[in-house]
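For reference, the structure is listed below as structure tokens.
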Amino acid sequence: MDARTEIHQFLEEYFVLDGKLASLGDDASFLENGIIDSTGMLELVLFVEEHFGVEVEDDEVLPSNFDSVNRLNAYVTRKQPVPSIGS
Amino acid sequence: MLVRDFLEQSARLTPDKVALIFENERLTYSQIDTMASRLANALIDNGVQRGDRVGVFLGNSVEAVVSVFAILKANAVFVVINVNTKADKLAFVLNNCRATALISHVRLRDVVAEACPSVSSLHYLVLAGSAKQTHPSADIPTTGWDAALEAYPADQPPRRCIDMDLAALIYTSGSTGVSKGVMVTHLNMVSAATSVVAYLENTSQDILLNALPLSFSYGLYQVLTAFMVGGTLVLERGFVFPQAVLDRMAGERVTGFAGVPTVFALILQQKHLDRLAFPHLRYITNAAAALPVDHIRRLREIFPHAAIYSMYGLTECKRATYLPPDELDRRPDSVGIAIPNTEVWIENEDGQRLGPNTVGELIVRGAHVARGYWENPEETARMFRPGPIPGETVLHTGDLFRMDQEGFLYFVSRKDDIIKTRGEKVSPKEVENVLCALPGVMEVAVVGLPDPMLGEAIHAFVVPEDGQILAEQEVILHCRRHLEDFMIPAHIEFRSELPKTESGKIRRASLR
């Protein structure tokens with residue numbers, strides 16, 4: 001499963017978005033569309049750390065990295081450790 | 001003085017001063033005033049009359065600020081509705097106040113379209129965010145934001161109101177589970193803002209940052225007080241990205257910052273704050289619940305130049321008390337003394353004033369005490385009762401307090417079951433009503449449990465009907481469809497039965 005699919009799955013399951021994200025698209029701002037609130041963002045950061053093995057610094061939790069599926073996908077892809085061959 | 005004067009006076013005195021900073025926009029007083037006058041003329045031309053209620057269903061934005069003042073300029077009453085509100089509650093609020101017009105955003109079109117057909121009073125809709133005309137409801141004439149502003153002149157609409165007239169209805173949770181619209185007059189708002197500006201010593205030099213929703217009176221008053229003194233307001237959509245807000249606070253040289261304990265807890269979670277300095281931050285204010293002593297200490301390390309104000313208030317009077325910052329070390333858990341031009345005291349159930357160290361209900365007397373709840377005489381009579389002078393009413397807060405020997409006040413508990421989470425009041429009954437409507441649910445009880453981040457976390461005990469199996473996801477999804485975000489339970493716990501008293505009432509205390 002690619003990161004994008006996993007992000008979608010987490011958002012849908014954890015935030016119970018009821019298809020809202022699917023209709024808005026992967027560029028939609030979580031903030032502008034009220035998809036995630038401040039405590040929800042903490043959960044999203046935790047998910048990224050635990051699920052993708054990425055260490056997220058506080059000063060990376062910015063709209064440029066976390067405010068849409070596309071941005072989050074790009075961030076995770078950039079930060080994720082490259083799996084070693086054969087693993 | 002009317003509330004619109006906060007904007008109009010500052011626009012006259014300092015037209016070119018930056019009034020509002022929002023994302024990449026910087027708008028001067030003159031620009032805001034012009035936009036508000038144009039929108040007011042659009043509202044008037046589309047039938048909004050003096051005293052009409054007009055809904056503002058928008059998140060924090062330039063449009064939300066302009067709408068509030070446009071409605072006031074149209075001599076109408078503004079009703080800011082939390083942007084997370086779902087269609088059935090939106091319809092309830094608009095019907096309850098018989099709103100004649102609504103200002104919203106194209107992003108919220110689906111919710112608006114679902115709610116509006118059942119609101120027969122509504123005859124005009126303005127939708128921000130789209131150049132195109134969008135008609136969420138075929139029956140209601142709708143104008144795009146830009147089209148409305150372009151079509152109408154910036155002439156100041158005639159002043160028809162006096163300060164006894166209503167300026168706003170602010171909806172708040174009631175213990176019965178039904179939202180109540182607090183009736184706030186111009187005089188109430190001007191009095192509250194004057195008092196707050198006096199003890200915070202706000203001036204036109206101030207740059208206030210607000211990340212609280214404008215549907216919440218604490219957030220709304222950041223706009224009102226900033227504009228009253230001719231200062232600058234930095235408005236954020238919310239506190240989802242604490243680092244971004246803190247960067248903005250440092251970059252814009254913010255002098256005053258309003259938060260609730262959840263906001264401060266989020267700030268204290270940030271690890272790399274030492275790279276930011278806040279030499280301009282003169283004060284921070286905290287309301288809704290007391291800050292833990294350890295948080296006060298750590299906030300001082302981050303904001304060494306900021307005085308910390310602990311305050312107490314409720315929508316029905318906006319604010320009642322504040323602790324002068326130099327008292328904070330001596331009494332960190334006190335919410336202080338009455339705000340300027342306000343009287344507060346503690347009463348027992350027989351209406352006798354109590355002295356130090358005795359617990360009773362806090363009573364508030366002042367020109368900021370609201371006029372009651374919109375078309376709700378029973379609830380009004382319960383909270384707003386006759387005061388010492390014939391014809392006046394004082395506010396019975398429903399909050400139990402005690403005071404120390406020197407007259408400083410301490411919050412003890414609420415008289416009812418209302419939950420305080422993230423600084424907002426939530427009626428357990430309102431959440432229970434929604435949960436009970438889910439098929440397969442036999443009985444529910446909702447309580448607040450202590451939570452280091454939220455203050456109280458909403459915990460729902462759900463008893464399924466015999467033979468029914470419910471999934472937590474299913475329950476949360478149902479809540480998400482019918483409740484604002486802050487009302488959605490943090491925990492769902494399934495039980496086969498609930499503890500009851502002999503008379504069959506649920507024993508809530510044993511669930512906490």
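Residues in the structure tokens are named by chain (A, B, ... in the order shown) and by number from 1 within that chain; ligands are numbered from 1 in the order shown.
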Would you kindly return, as an MDAnalysis selection string, each protein, DNA or RNA residue with an atom no farther than 12 Å from any atom of Ala74 of chain A, considering only C-alpha atoms and excluding same-chain residues fewer than 3 positions away?
chainID A and resid 2:4 7 26:27 64:71 77:80
Write to file, as a PDB file, in the first residue's frame, the residues of the selection just made, with C-alpha atoms.
```pdb
ATOM      1  CA  ASP A   2       1.437   3.439  -0.829  1.00  0.00           C
ATOM      2  CA  ALA A   3       1.686   6.286   1.667  1.00  0.00           C
ATOM      3  CA  ARG A   4      -1.194   8.197   0.076  1.00  0.00           C
ATOM      4  CA  ILE A   7      -2.964   8.468   4.866  1.00  0.00           C
ATOM      5  CA  ASP A  26      -6.163  15.666  -2.051  1.00  0.00           C
ATOM      6  CA  ASP A  27      -5.298  19.347  -2.344  1.00  0.00           C
ATOM      7  CA  SER A  64       3.342  23.438   4.171  1.00  0.00           C
ATOM      8  CA  ASN A  65       3.875  19.845   5.362  1.00  0.00           C
ATOM      9  CA  PHE A  66       0.624  18.844   7.011  1.00  0.00           C
ATOM     10  CA  ASP A  67      -2.278  20.788   5.541  1.00  0.00           C
ATOM     11  CA  SER A  68      -3.511  18.474   2.779  1.00  0.00           C
ATOM     12  CA  VAL A  69      -3.171  14.867   1.695  1.00  0.00           C
ATOM     13  CA  ASN A  70      -0.812  15.916  -1.081  1.00  0.00           C
ATOM     14  CA  ARG A  71       1.417  17.928   1.242  1.00  0.00           C
ATOM     15  CA  THR A  77       7.812  10.419   1.103  1.00  0.00           C
ATOM     16  CA  ARG A  78      10.662  12.881   1.653  1.00  0.00           C
ATOM     17  CA  LYS A  79      11.262  11.912   5.266  1.00  0.00           C
ATOM     18  CA  GLN A  80      10.618   8.200   5.215  1.00  0.00           C
TER      19      GLN A  80
END
```
Residues of chain A in helix (DSSP H, G or I) according to DSSP, as a PyMOL selection string?
chain A and resi 3-15+20-24+38-52+58-60+63-66+69-79
Using only C-alpha atoms, I'd like a table of the residues in chain A that come within 8 Å of chain B; for each, show the closest atom pair and its distance in Å rounded to one decimal, ordered by chain and ascending number, as a tab-separated table.
```
residue	atom	partner	partner_atom	distance
A:Glu13	CA	B:Gln473	CA	7.8
A:Val16	CA	B:Leu477	CA	5.6
A:Leu17	CA	B:Leu477	CA	7.8
A:Asp18	CA	B:Leu477	CA	7.2
A:Leu31	CA	B:Val240	CA	7.1
A:Glu32	CA	B:Arg237	CA	7.5
A:Asn33	CA	B:Arg107	CA	7.2
A:Gly34	CA	B:Asn84	CA	7.1
A:Ile36	CA	B:Val240	CA	7.5
A:Asp37	CA	B:Val240	CA	5.5
A:Ser38	CA	B:Val240	CA	3.9
A:Thr39	CA	B:Val240	CA	7.5
A:Met41	CA	B:Val240	CA	6.3
A:Asp58	CA	B:Gln270	CA	5.9
A:Asp59	CA	B:Gln243	CA	6.0
A:Val61	CA	B:Phe241	CA	6.5
A:Leu62	CA	B:Phe241	CA	5.9
A:Pro63	CA	B:Phe241	CA	7.0
```
Selection export as a PDB file, in the first residue's frame, atoms kept: C-alpha atoms:
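This is the output file result-v9.pdb:
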```pdb
ATOM      1  CA  GLU A  13     -10.975   5.813  10.010  1.00  0.00           C
ATOM      2  CA  VAL A  16     -14.632   9.414  10.527  1.00  0.00           C
ATOM      3  CA  LEU A  17     -14.825  11.875   7.656  1.00  0.00           C
ATOM      4  CA  ASP A  18     -17.866  10.338   6.078  1.00  0.00           C
ATOM      5  CA  LEU A  31      -7.580  23.734   8.233  1.00  0.00           C
ATOM      6  CA  GLU A  32      -9.803  25.653   5.811  1.00  0.00           C
ATOM      7  CA  ASN A  33     -12.236  22.787   5.508  1.00  0.00           C
ATOM      8  CA  GLY A  34     -12.402  22.037   9.216  1.00  0.00           C
ATOM      9  CA  ILE A  36      -8.798  18.397  11.600  1.00  0.00           C
ATOM     10  CA  ASP A  37      -8.786  20.443  14.782  1.00  0.00           C
ATOM     11  CA  SER A  38      -5.860  21.131  17.105  1.00  0.00           C
ATOM     12  CA  THR A  39      -6.085  17.904  19.084  1.00  0.00           C
ATOM     13  CA  MET A  41      -3.428  17.330  14.503  1.00  0.00           C
ATOM     14  CA  ASP A  58       7.616  20.439  16.058  1.00  0.00           C
ATOM     15  CA  ASP A  59       8.775  23.071  13.623  1.00  0.00           C
ATOM     16  CA  VAL A  61       4.236  20.646  11.825  1.00  0.00           C
ATOM     17  CA  LEU A  62       3.403  23.511   9.513  1.00  0.00           C
ATOM     18  CA  PRO A  63       0.703  23.968   6.884  1.00  0.00           C
TER      19      PRO A  63
END
```
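Near Thr176 of chain B, within 8 Å and counting only C-alpha atoms, sit Gly174, Val178, Ser427, Lys429 and Glu430 of chain B; same-chain residues fewer than 2 positions away were not included.
Taking atom CA of Val126 of chain B as the reference point, atom CA of Ala211 of chain B is found at 24.4 Å.
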Neighbouring residues of Leu281 of chain B were defined as those with any atom within 7 Å, considering only C-alpha atoms; residues of the same chain fewer than 2 positions away were excluded. Please report them as a ChimeraX atom specification.
/B:254-256,278-279,283,305-306
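In this structure, atom CA of Ser175 of chain B sits 6.2 Å away from atom CA of Ile418 of chain B.
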